[in-house]
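What follows is the content of upload_37.txt (compact mmCIF, C-alpha atoms).
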# COMPACT_ATOMS: atom_id res chain seq x y z
CA MET A 1 0.00 0.00 0.00
CA SER A 2 1.48 3.31 -1.04
CA VAL A 3 1.59 6.35 1.21
CA LEU A 4 -1.09 8.12 -0.86
CA GLN A 5 -3.44 5.16 -0.56
CA ALA A 6 -2.94 5.13 3.19
CA LEU A 7 -3.69 8.85 3.30
CA ASP A 8 -6.84 8.33 1.20
CA ILE A 9 -8.12 5.63 3.51
CA GLY A 10 -7.31 7.80 6.52
CA LEU A 11 -9.17 10.70 4.91
CA ALA A 12 -12.20 8.49 4.26
CA PHE A 13 -12.25 7.40 7.90
CA VAL A 14 -12.01 11.00 9.12
CA VAL A 15 -14.92 11.96 6.80
CA PHE A 16 -16.99 9.13 8.30
CA ALA A 17 -16.03 10.08 11.84
CA VAL A 18 -16.92 13.75 11.32
CA ALA A 19 -20.22 12.78 9.68
CA ALA A 20 -21.09 10.59 12.65
CA TRP A 21 -20.02 13.34 15.06
CA THR A 22 -22.26 15.82 13.22
CA ILE A 23 -25.26 13.50 13.55
CA PHE A 24 -24.71 12.79 17.25
CA ALA A 25 -23.69 16.34 18.21
CA HIS A 26 -25.80 18.03 20.88
CA GLY A 27 -27.35 21.26 19.75
CA ALA A 28 -27.68 22.88 16.36
CA PHE A 29 -24.54 25.02 16.69
CA ALA A 30 -22.18 22.10 17.34
CA ALA A 31 -23.78 20.12 14.52
CA THR A 32 -23.27 23.06 12.15
CA VAL A 33 -19.60 23.29 13.05
CA GLY A 34 -19.31 19.57 12.38
CA TYR A 35 -21.05 20.04 9.05
CA VAL A 36 -18.63 22.80 7.97
CA VAL A 37 -15.64 20.61 8.86
CA TYR A 38 -17.28 17.75 6.96
CA GLY A 39 -17.63 19.98 3.88
CA LEU A 40 -13.98 21.03 3.99
CA LEU A 41 -12.91 17.39 4.29
CA LEU A 42 -15.15 16.52 1.34
CA ALA A 43 -13.37 19.23 -0.65
CA LEU A 44 -10.10 17.40 0.09
CA VAL A 45 -11.72 14.15 -1.10
CA TRP A 46 -12.72 15.85 -4.37
CA ILE A 47 -9.15 17.07 -4.83
CA ARG A 48 -7.91 13.51 -4.37
CA LEU A 49 -10.40 12.49 -7.09
CA PHE A 50 -8.85 15.19 -9.32
CA ALA A 51 -12.16 17.09 -9.42
CA VAL A 52 -10.76 20.47 -8.46
CA ASP A 53 -13.80 22.36 -9.78
CA VAL A 54 -16.09 20.35 -7.53
CA ALA A 55 -13.70 20.81 -4.61
CA LEU A 56 -13.78 24.59 -5.03
CA THR A 57 -17.58 24.60 -5.16
CA GLU A 58 -17.88 22.29 -2.17
CA ALA A 59 -15.57 24.48 -0.09
CA ALA A 60 -17.17 27.77 -1.16
CA ILE A 61 -20.88 26.86 -1.32
CA GLY A 62 -21.29 23.51 0.45
CA SER A 63 -19.16 24.40 3.41
CA GLY A 64 -18.80 28.19 3.38
CA VAL A 65 -22.08 29.81 2.43
CA THR A 66 -24.28 26.94 3.64
CA GLY A 67 -22.30 26.97 6.87
CA VAL A 68 -23.02 30.67 7.42
CA LEU A 69 -26.71 30.11 6.62
CA LEU A 70 -26.95 27.20 9.08
CA ILE A 71 -25.06 29.07 11.81
CA SER A 72 -27.38 32.07 11.57
CA ALA A 73 -30.35 29.68 11.60
CA ALA A 74 -28.90 27.95 14.66
CA ALA A 75 -28.42 31.30 16.38
CA ARG A 76 -32.05 32.23 15.69
CA LEU A 77 -33.26 28.85 16.94
CA ARG A 78 -31.20 29.01 20.11
CA ALA A 79 -33.87 30.78 22.16
CA ALA A 80 -36.50 28.32 20.96
CA GLU A 81 -34.23 25.38 21.73
CA ARG A 82 -33.78 26.56 25.29
CA ALA A 83 -37.47 27.24 25.84
CA GLU A 84 -38.58 23.87 24.55
CA PRO A 85 -36.15 21.00 24.99
CA GLU A 86 -36.10 18.61 22.08
CA LYS A 87 -38.65 15.82 22.45
CA SER A 88 -36.97 12.52 21.85
CA LEU A 89 -38.63 9.99 19.59
CA SER A 90 -40.27 6.91 21.02
CA GLY A 91 -38.46 3.58 20.82
CA LEU A 92 -40.49 2.29 17.88
CA SER A 93 -40.00 5.33 15.67
CA ARG A 94 -36.29 5.34 16.51
CA LEU A 95 -36.09 1.76 15.35
CA LEU A 96 -38.01 2.62 12.19
CA VAL A 97 -35.67 5.54 11.40
CA ALA A 98 -32.62 3.36 12.03
CA VAL A 99 -33.97 0.62 9.72
CA LEU A 100 -34.78 3.14 6.98
CA CYS A 101 -31.33 4.74 7.19
CA ALA A 102 -29.66 1.33 7.15
CA VAL A 103 -31.66 0.28 4.07
CA VAL A 104 -30.67 3.45 2.20
CA ALA A 105 -27.02 3.05 3.22
CA VAL A 106 -26.91 -0.62 2.20
CA ALA A 107 -28.66 0.15 -1.12
CA LEU A 108 -26.16 2.94 -1.85
CA ALA A 109 -23.23 0.71 -0.93
CA GLY A 110 -24.68 -2.01 -3.16
CA VAL A 111 -25.02 0.35 -6.10
CA VAL A 112 -21.45 1.55 -5.69
CA LEU A 113 -20.10 -2.00 -5.42
CA LEU A 114 -22.11 -3.16 -8.45
CA LEU A 115 -20.85 -0.36 -10.71
CA PRO A 116 -19.31 -1.77 -13.89
CA GLU A 117 -15.53 -1.64 -14.11
CA GLN A 118 -15.75 0.72 -17.07
CA GLY A 119 -18.72 2.98 -16.42
CA PRO A 120 -20.65 4.59 -19.26
CA SER A 121 -19.03 7.92 -19.93
CA LEU A 122 -19.49 10.90 -22.20
CA ALA A 123 -16.03 12.18 -21.33
CA PRO A 124 -14.36 11.25 -24.66
CA GLN A 125 -17.08 12.97 -26.72
CA SER A 126 -16.97 15.94 -24.40
CA MET A 127 -13.20 16.31 -24.81
CA GLN A 128 -13.48 15.80 -28.57
CA ARG A 129 -15.90 18.69 -29.02
CA LEU A 130 -14.12 20.93 -26.51
CA PRO A 131 -12.14 22.96 -29.13
CA GLU A 132 -15.43 24.09 -30.70
CA THR A 133 -16.34 25.93 -27.49
CA GLY A 134 -12.96 27.69 -27.40
CA LEU A 135 -12.64 26.68 -23.74
CA GLY A 136 -9.87 24.70 -22.07
CA ASN A 137 -11.82 23.54 -19.01
CA PRO A 138 -14.28 20.74 -19.86
CA VAL A 139 -16.25 21.38 -16.66
CA THR A 140 -17.06 24.92 -17.78
CA ALA A 141 -17.98 23.56 -21.21
CA VAL A 142 -20.43 21.10 -19.63
CA LEU A 143 -21.96 23.82 -17.46
CA ILE A 144 -22.32 26.64 -19.97
CA ALA A 145 -22.33 24.86 -23.35
CA TYR A 146 -23.39 21.20 -23.28
CA ARG A 147 -25.88 21.51 -20.45
CA ALA A 148 -26.52 25.24 -20.52
CA PHE A 149 -30.25 24.85 -19.87
CA ASP A 150 -29.65 23.03 -16.56
CA THR A 151 -27.23 25.70 -15.40
CA MET A 152 -29.64 28.48 -16.36
CA LEU A 153 -32.39 26.79 -14.32
CA GLU A 154 -30.03 26.48 -11.35
CA LYS A 155 -29.67 30.25 -11.37
CA VAL A 156 -33.45 30.63 -11.52
CA VAL A 157 -33.71 28.38 -8.46
CA LEU A 158 -31.30 30.67 -6.59
CA VAL A 159 -33.46 33.70 -7.41
CA LEU A 160 -36.55 31.78 -6.27
CA ALA A 161 -34.76 31.00 -3.01
CA VAL A 162 -34.20 34.71 -2.40
CA VAL A 163 -37.88 35.38 -3.16
CA GLY A 164 -38.74 32.65 -0.66
CA VAL A 165 -36.58 34.23 2.05
CA TRP A 166 -38.02 37.68 1.40
CA SER A 167 -41.53 36.27 1.56
CA LEU A 168 -40.99 35.53 5.25
CA ALA A 169 -41.11 39.26 5.95
CA ALA A 170 -44.10 40.83 7.66
CA ASP A 171 -46.28 42.86 5.28
CA LYS A 172 -45.16 46.23 6.60
CA TYR A 173 -41.49 45.35 6.09
CA TRP A 174 -41.91 44.21 2.47
CA GLY A 175 -39.34 46.00 0.36
CA GLY A 176 -37.36 47.14 3.40
CA ALA A 177 -33.80 46.22 4.31
CA PRO A 178 -32.85 42.98 6.07
CA GLY A 179 -31.29 43.15 9.52
CA GLU A 180 -31.78 45.45 12.46
CA ALA A 181 -31.35 49.17 12.06
CA ARG A 182 -27.69 49.95 12.54
CA ALA A 183 -27.44 50.97 16.13
CA GLU A 184 -24.13 49.31 16.81
CA ARG A 185 -20.74 50.49 15.69
CA PRO A 186 -18.64 48.33 13.37
CA GLU A 187 -17.22 45.25 15.03
CA PRO A 188 -13.52 46.30 15.20
CA THR A 189 -11.94 42.87 14.76
CA LEU A 190 -14.17 41.92 11.84
CA ALA A 191 -13.83 45.38 10.33
CA PHE A 192 -10.06 44.94 10.34
CA LEU A 193 -10.40 41.58 8.62
CA ALA A 194 -12.92 42.90 6.10
CA GLN A 195 -10.80 45.90 5.20
CA ILE A 196 -7.77 43.75 4.42
CA LEU A 197 -9.57 40.74 3.00
CA ALA A 198 -12.27 42.30 0.82
CA PRO A 199 -9.99 43.97 -1.77
CA LEU A 200 -7.90 40.80 -2.02
CA GLY A 201 -10.97 38.59 -2.14
CA ILE A 202 -12.59 40.61 -4.91
CA LEU A 203 -9.41 40.22 -6.94
CA VAL A 204 -9.29 36.47 -6.26
CA GLY A 205 -13.00 36.08 -7.08
CA ILE A 206 -12.65 37.76 -10.46
CA HIS A 207 -9.46 35.78 -11.13
CA VAL A 208 -11.20 32.47 -10.33
CA PHE A 209 -14.04 33.38 -12.70
CA TRP A 210 -11.64 34.43 -15.45
CA VAL A 211 -9.33 31.39 -15.33
CA GLY A 212 -12.45 29.16 -15.19
CA ALA A 213 -12.51 29.13 -18.99
CA ASP A 214 -9.28 27.14 -19.14
CA GLU A 215 -8.52 25.91 -15.63
CA PRO A 216 -10.47 24.87 -12.55
CA GLY A 217 -12.69 27.74 -11.46
CA GLY A 218 -15.66 29.45 -13.01
CA ALA A 219 -18.69 31.62 -12.46
CA PHE A 220 -20.05 29.76 -9.45
CA GLN A 221 -16.79 29.61 -7.53
CA GLY A 222 -15.77 33.17 -8.39
CA GLY A 223 -19.25 34.48 -7.60
CA ALA A 224 -19.24 32.66 -4.26
CA ILE A 225 -15.93 34.29 -3.29
CA LEU A 226 -17.27 37.74 -4.21
CA ALA A 227 -20.43 36.94 -2.22
CA ALA A 228 -18.32 35.98 0.79
CA MET A 229 -16.56 39.35 0.64
CA TRP A 230 -19.86 41.23 0.73
CA ILE A 231 -21.08 39.00 3.58
CA ILE A 232 -17.92 39.76 5.60
CA VAL A 233 -18.26 43.50 5.01
CA MET A 234 -21.92 43.34 6.15
CA MET A 235 -21.03 41.19 9.17
CA ALA A 236 -18.38 43.71 10.19
CA ARG A 237 -21.19 46.32 9.95
CA LEU A 238 -19.08 48.44 7.62
CA THR A 239 -22.12 48.56 5.36
CA GLU A 240 -25.79 47.73 5.71
CA ALA A 241 -27.78 45.30 3.62
CA PRO A 242 -29.55 47.21 0.85
CA ARG A 243 -33.31 47.78 0.73
CA THR A 244 -34.86 44.79 -0.98
CA ASN A 245 -36.98 47.00 -3.21
CA ALA A 246 -33.90 48.75 -4.62
CA PHE A 247 -34.06 48.56 -8.40
CA TRP A 248 -30.33 47.90 -8.87
CA LEU A 249 -30.48 45.00 -6.42
CA ARG A 250 -33.40 43.32 -8.17
CA LEU A 251 -31.76 43.89 -11.55
CA ALA A 252 -28.49 42.35 -10.31
CA LEU A 253 -30.41 39.35 -8.92
CA VAL A 254 -32.07 38.49 -12.23
CA ALA A 255 -29.30 39.70 -14.59
CA GLY A 256 -27.58 36.30 -14.74
CA PRO A 257 -30.62 34.14 -15.63
CA LEU A 258 -32.00 36.88 -17.87
CA VAL A 259 -28.83 37.27 -19.97
CA PHE A 260 -28.47 33.49 -20.03
CA LEU A 261 -32.01 33.04 -21.30
CA ALA A 262 -31.60 35.83 -23.85
CA ALA A 263 -28.43 34.14 -25.13
CA GLY A 264 -30.36 30.88 -25.40
CA VAL A 265 -33.10 32.53 -27.46
CA ALA A 266 -30.48 34.30 -29.57
CA GLY A 267 -28.95 30.88 -30.20
CA ALA A 268 -32.30 29.65 -31.47
CA ILE A 269 -32.42 32.53 -33.94
CA PHE A 270 -28.79 32.82 -35.06
CA ALA A 271 -27.25 29.38 -34.49
CA GLY A 272 -30.15 27.13 -35.29
CA SER A 273 -31.04 25.75 -31.89
CA PHE A 274 -32.00 26.84 -28.38
CA PHE A 275 -28.82 27.55 -26.33
CA ALA A 276 -26.56 26.91 -29.34
CA TYR A 277 -23.62 29.26 -29.83
CA PRO A 278 -22.65 30.43 -33.32
CA PRO A 279 -19.37 28.80 -34.40
CA GLY A 280 -16.38 30.95 -33.57
CA PHE A 281 -18.31 33.08 -31.10
CA ALA A 282 -18.77 30.41 -28.45
CA LYS A 283 -16.07 31.58 -26.05
CA PRO A 284 -16.93 35.30 -25.99
CA ALA A 285 -20.62 34.42 -25.64
CA ILE A 286 -19.87 32.04 -22.76
CA LEU A 287 -17.68 34.58 -20.94
CA PHE A 288 -20.35 37.25 -21.45
CA ILE A 289 -23.03 35.04 -19.89
CA GLU A 290 -20.71 33.99 -17.10
CA ALA A 291 -19.86 37.58 -16.20
CA PHE A 292 -23.54 38.29 -15.51
CA MET A 293 -23.92 35.03 -13.64
CA VAL A 294 -21.01 36.01 -11.39
CA LEU A 295 -22.82 39.26 -10.63
CA SER A 296 -26.08 37.49 -9.83
CA ILE A 297 -24.42 34.87 -7.62
CA ALA A 298 -22.39 37.53 -5.81
CA VAL A 299 -25.66 39.31 -4.96
CA THR A 300 -27.93 36.29 -4.41
CA LEU A 301 -25.89 34.49 -1.76
CA PRO A 302 -25.43 37.52 0.55
CA MET A 303 -29.16 38.24 0.24
CA LEU A 304 -29.90 34.67 1.36
CA VAL A 305 -27.59 35.15 4.35
CA ALA A 306 -28.99 38.60 5.19
CA GLY A 307 -32.43 37.05 5.62
CA PRO A 308 -35.93 38.51 5.28
CA PRO A 309 -36.54 42.28 5.44
CA ARG A 310 -36.95 43.47 9.02
CA ARG A 311 -37.18 47.22 8.54
CA GLU A 312 -39.84 49.36 7.01
CA PRO A 313 -38.94 50.56 3.55
CA ARG A 314 -38.17 54.25 3.19
CA ARG A 315 -40.14 55.73 0.40
CA MET B 1 22.08 19.66 -4.38
CA SER B 2 18.70 18.02 -4.75
CA LEU B 3 19.48 15.92 -1.68
CA VAL B 4 20.02 19.09 0.35
CA VAL B 5 16.73 20.54 -0.90
CA ASP B 6 14.92 17.29 -0.12
CA LEU B 7 16.42 17.19 3.33
CA PHE B 8 15.42 20.80 3.95
CA SER B 9 11.84 20.07 2.85
CA VAL B 10 11.55 16.97 4.99
CA VAL B 11 12.89 18.72 8.07
CA ALA B 12 10.74 21.83 7.61
CA ILE B 13 7.51 19.94 6.85
CA GLY B 14 8.25 17.48 9.65
CA ALA B 15 8.68 20.36 12.08
CA GLY B 16 5.43 21.89 10.77
CA VAL B 17 3.57 18.64 11.34
CA PHE B 18 5.01 18.49 14.86
CA PHE B 19 3.63 21.94 15.62
CA PHE B 20 0.20 20.97 14.26
CA LEU B 21 0.30 17.89 16.47
CA ALA B 22 1.35 19.95 19.49
CA GLY B 23 -1.44 22.44 18.79
CA THR B 24 -4.00 19.66 18.54
CA VAL B 25 -2.83 18.10 21.79
CA GLY B 26 -3.04 21.53 23.42
CA LEU B 27 -6.55 22.03 22.03
CA LEU B 28 -7.66 18.73 23.52
CA ARG B 29 -5.80 18.87 26.84
CA PHE B 30 -5.62 22.48 27.99
CA PRO B 31 -8.05 23.39 30.74
CA ASP B 32 -9.75 26.64 29.64
CA PRO B 33 -10.83 28.19 26.31
CA LEU B 34 -8.23 30.97 26.27
CA SER B 35 -5.23 28.69 26.71
CA ARG B 36 -6.74 26.26 24.18
CA LEU B 37 -6.97 29.16 21.71
CA HIS B 38 -3.38 30.09 22.51
CA ALA B 39 -2.17 26.57 21.74
CA LEU B 40 -4.21 26.33 18.56
CA THR B 41 -3.33 29.64 16.94
CA LYS B 42 0.36 29.63 17.77
CA ALA B 43 0.78 26.10 16.50
CA ASP B 44 -1.33 26.76 13.41
CA ASN B 45 0.63 29.78 12.29
CA LEU B 46 4.01 28.21 12.95
CA GLY B 47 2.99 24.78 11.67
CA LEU B 48 1.57 26.04 8.38
CA GLY B 49 4.49 28.48 8.04
CA LEU B 50 6.99 25.63 8.33
CA VAL B 51 5.03 23.42 5.91
CA VAL B 52 4.94 26.29 3.39
CA LEU B 53 8.65 26.90 3.95
CA GLY B 54 9.34 23.25 3.21
CA LEU B 55 7.23 23.37 0.04
CA LEU B 56 8.77 26.59 -1.31
CA PRO B 57 11.85 25.05 -2.95
CA ARG B 58 9.58 22.45 -4.58
CA SER B 59 7.20 24.93 -6.23
CA GLU B 60 7.14 24.97 -10.01
CA SER B 61 7.49 28.70 -10.49
CA LEU B 62 7.96 31.93 -8.63
CA LEU B 63 4.22 32.59 -8.98
CA ALA B 64 3.39 29.26 -7.34
CA ALA B 65 5.77 30.09 -4.48
CA LEU B 66 4.13 33.48 -4.03
CA LYS B 67 0.72 31.80 -3.95
CA LEU B 68 1.92 29.49 -1.17
CA ILE B 69 3.13 32.48 0.84
CA ALA B 70 -0.16 34.29 0.19
CA ILE B 71 -2.09 31.26 1.48
CA TRP B 72 -0.03 31.29 4.67
CA ALA B 73 -0.59 35.02 5.12
CA LEU B 74 -4.36 34.68 4.56
CA VAL B 75 -4.61 31.81 7.03
CA GLN B 76 -2.70 33.91 9.56
CA LEU B 77 -5.17 36.74 9.07
CA ALA B 78 -8.20 34.46 9.35
CA GLY B 79 -6.75 32.60 12.34
CA ALA B 80 -5.86 35.76 14.23
CA THR B 81 -9.32 37.24 13.61
CA ALA B 82 -11.15 34.08 14.60
CA ALA B 83 -9.05 33.81 17.76
CA GLN B 84 -9.87 37.43 18.68
CA LEU B 85 -13.59 36.82 18.13
CA VAL B 86 -13.65 33.59 20.13
CA GLY B 87 -11.58 35.22 22.85
CA ARG B 88 -14.00 38.13 23.11
CA ALA B 89 -16.99 35.79 23.21
CA VAL B 90 -15.31 33.86 26.04
CA ARG B 91 -14.65 37.05 28.00
CA ARG B 92 -18.22 38.22 27.56
CA LYS B 93 -19.69 34.94 28.72
CA GLY B 94 -17.16 34.21 31.43
CA SER B 95 -15.28 30.93 31.27
CA ALA B 96 -18.41 28.79 31.08
CA VAL B 97 -17.99 28.05 27.39
How does this structure look as structure tokens?
Amino acid sequence: MSVLQALDIGLAFVVFAVAAWTIFAHGAFAATVGYVVYGLLLALVWIRLFAVDVALTEAAIGSGVTGVLLISAAARLRAAERAEPEKSLSGLSRLLVAVLCAVVAVALAGVVLLLPEQGPSLAPQSMQRLPETGLGNPVTAVLIAYRAFDTMLEKVVLVLAVVGVWSLAADKYWGGAPGEARAERPEPTLAFLAQILAPLGILVGIHVFWVGADEPGGAFQGGAILAAMWIIVMMARLTEAPRTNAFWLRLALVAGPLVFLAAGVAGAIFAGSFFAYPPGFAKPAILFIEAFMVLSIAVTLPMLVAGPPRREPRR
Amino acid sequence: MSLVVDLFSVVAIGAGVFFFLAGTVGLLRFPDPLSRLHALTKADNLGLGLVVLGLLPRSESLLAALKLIAIWALVQLAGATAAQLVGRAVRRKGSAV
């Protein structure tokens, strides 16, 4: 057994252990911390599988942004948790849950073990057609060219998620800004971090988006980094969350899906099929769409974290 | 020459791993949150610094080396900030955390 194999097996065990710890942790906060660690370890697993794009997304979205969302949810639930201790399930339902989980786990394990040695794969075709897109990163080609419709719908889902969060607002707050009115001064430690990190992070975010055409990276990862920078600046209270009825905000939210859809329709007119790119113009078209997607993602994720409006809109 | 570089890398990374180990032991064994933080952050900064130092001569280009140093600097920044925040939360709540 080589050293790398030993490390891989060790990594797999640690992933299992952290997953188990997350399930058995007491309290939502501890479980969330476990979940974030689990996500970062999964990112390492993806790197070991040479799926760097997936690793970046897992670390940024799966662990980072979802972690922040869950931690703020846990913080909001804390008072409720204290007031009403969790009712434990009866013995029978516990048994039922355990059996169900075991069946799913065994079925999954069975499927993985029964996989054919040489799985069906579209990878050769995908690599063969890659030059036509003008891209060097096949993952970006899959996302924005081969399966563009799926990716466009993913962005629509994100916008719907923001609409869902905003819908939790009381009627009188509709259109107002999320978060309490700023009574407190900036948090000095976080403000220090935000002031140093945000300029660097913005640069890194744009870089990750830009190199995504040819190397691991892309709109989602770059957008998530930009989103994180805005979240940090808001957390440090250097800036407030914008009013949710601000026109620029709503435009930025839908810009990505809108441009994407328009490009798809344009493809139907000029290139002969929905979401087709005219030969020779594929790469500029893809980068154009991606630039707007970065904008939308960078605005959507912080709005999800900021939560529903809690202030009356100024008119 | 390559033997010297290899030796340097092994020693530096080994020392880095030792500091990570020491920090982890401190995190698990020290009695109160502030001293646990102390063990963790000191060992993290020094441990990662030594690992990066060991990897520097092995990087493919100057840019890659600079990226490694930038990663270390960013982790320092994040670690120091997180430690400050946890430390403040501990002080606010008393040592009951």
If you take only C-alpha atoms and a cut-off of 7 Å, which residues of chain A touch chain B, and what are their nearest atom pairs and distances in Å to one decimal, in chain and number order, as CSV?
residue,atom,partner,partner_atom,distance
A:Thr189,CA,B:Thr81,CA,6.3
A:Leu190,CA,B:Thr81,CA,7.0
A:Leu193,CA,B:Thr81,CA,6.7
Measuring atom to atom with all atoms listed in the file, identify which of A:Val111, A:Ala55, A:Leu7, A:Ala306 is nearest to Pro216 (chain A).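 Smallest separation from Pro216 (chain A) among the options: A:Ala55.
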Tell me, in Å to one decimal, how far CA of Thr57 (chain A) is from CA of Gln221 (chain A). 5.6 Å
The distance between CA of Leu114 (chain A) and CA of Val99 (chain A) is 22.0 Å
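From CA of Trp230 (chain A) back to CA of Ala198 (chain A), the distance works out to 7.7 Å.
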Of A:Phe149, A:Tyr173, A:Trp248, A:Phe209, the one sitting nearest Val265 (chain A) when using only C-alpha atoms is A:Phe149
Would you tabulate, counting all atoms listed in the file, all residues of region 136-221 of chain A that have an atom at most 12 Å from an atom of region 267-275 of chain A, showing the closest pair of atoms and their distance in Å to one decimal, sorted by chain then ascending number, as CSV?
residue,atom,partner,partner_atom,distance
A:Leu143,CA,A:Phe275,CA,11.8
A:Ile144,CA,A:Phe275,CA,9.1
A:Ala145,CA,A:Phe275,CA,7.6
A:Tyr146,CA,A:Phe275,CA,8.9
A:Arg147,CA,A:Phe275,CA,8.9
A:Ala148,CA,A:Phe275,CA,6.7
A:Phe149,CA,A:Phe275,CA,7.1
A:Asp150,CA,A:Phe275,CA,10.8
A:Thr151,CA,A:Phe275,CA,11.2
A:Met152,CA,A:Phe275,CA,10.0
Pick from A:Ile47, A:Leu122, A:Ala60, A:Ile9: nearest to Leu226 (chain A), with all atoms listed in the file counted?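 Once distances to Leu226 (chain A) are computed over all atoms listed in the file, the minimum belongs to A:Ala60.
Proximity of B:Gly54, B:Trp72, B:Leu63, B:Val90 to Asp6 (chain B), computed with all atoms listed in the file, is greatest for B:Gly54.
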With all atoms listed in the file as the atoms that count, which of B:Arg29, B:Gly23, B:Val17, B:Ala70 lies nearest to Gly201 (chain A)?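 Between B:Arg29, B:Gly23, B:Val17, B:Ala70, the residue approaching Gly201 (chain A) most closely is B:Ala70.
Proximity ranking of A:Pro257, A:Leu251, A:Val204, A:Thr32 relative to Ile71 (chain B) places A:Val204 first, based on all atoms listed in the file.
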Edge lengths and centre in Å to one decimal, as lines of an AutoDock Vina configuration file, of the axis-aligned box that encloses all listed atoms of region 56-66 of chain B with 3 Å added on every side?
center_x = 7.6
center_y = 28.0
center_z = -5.9
size_x = 14.5
size_y = 17.0
size_z = 15.2
What lies within 10 Å of region 58-60 of chain B using all atoms listed in the file, ignoring chain neighbours under 5 positions off, as a PyMOL selection string? chain B and resi 5-6+9+52-53+65-68
May I have the protein, DNA and RNA residues with any atom at most 12 Å from the point (4.0, 29.7, 11.4), counting all atoms listed in the file, written as a VMD selection string? chain B and resid 12 to 13 15 to 20 23 40 to 54 69 71 to 77 79 to 80
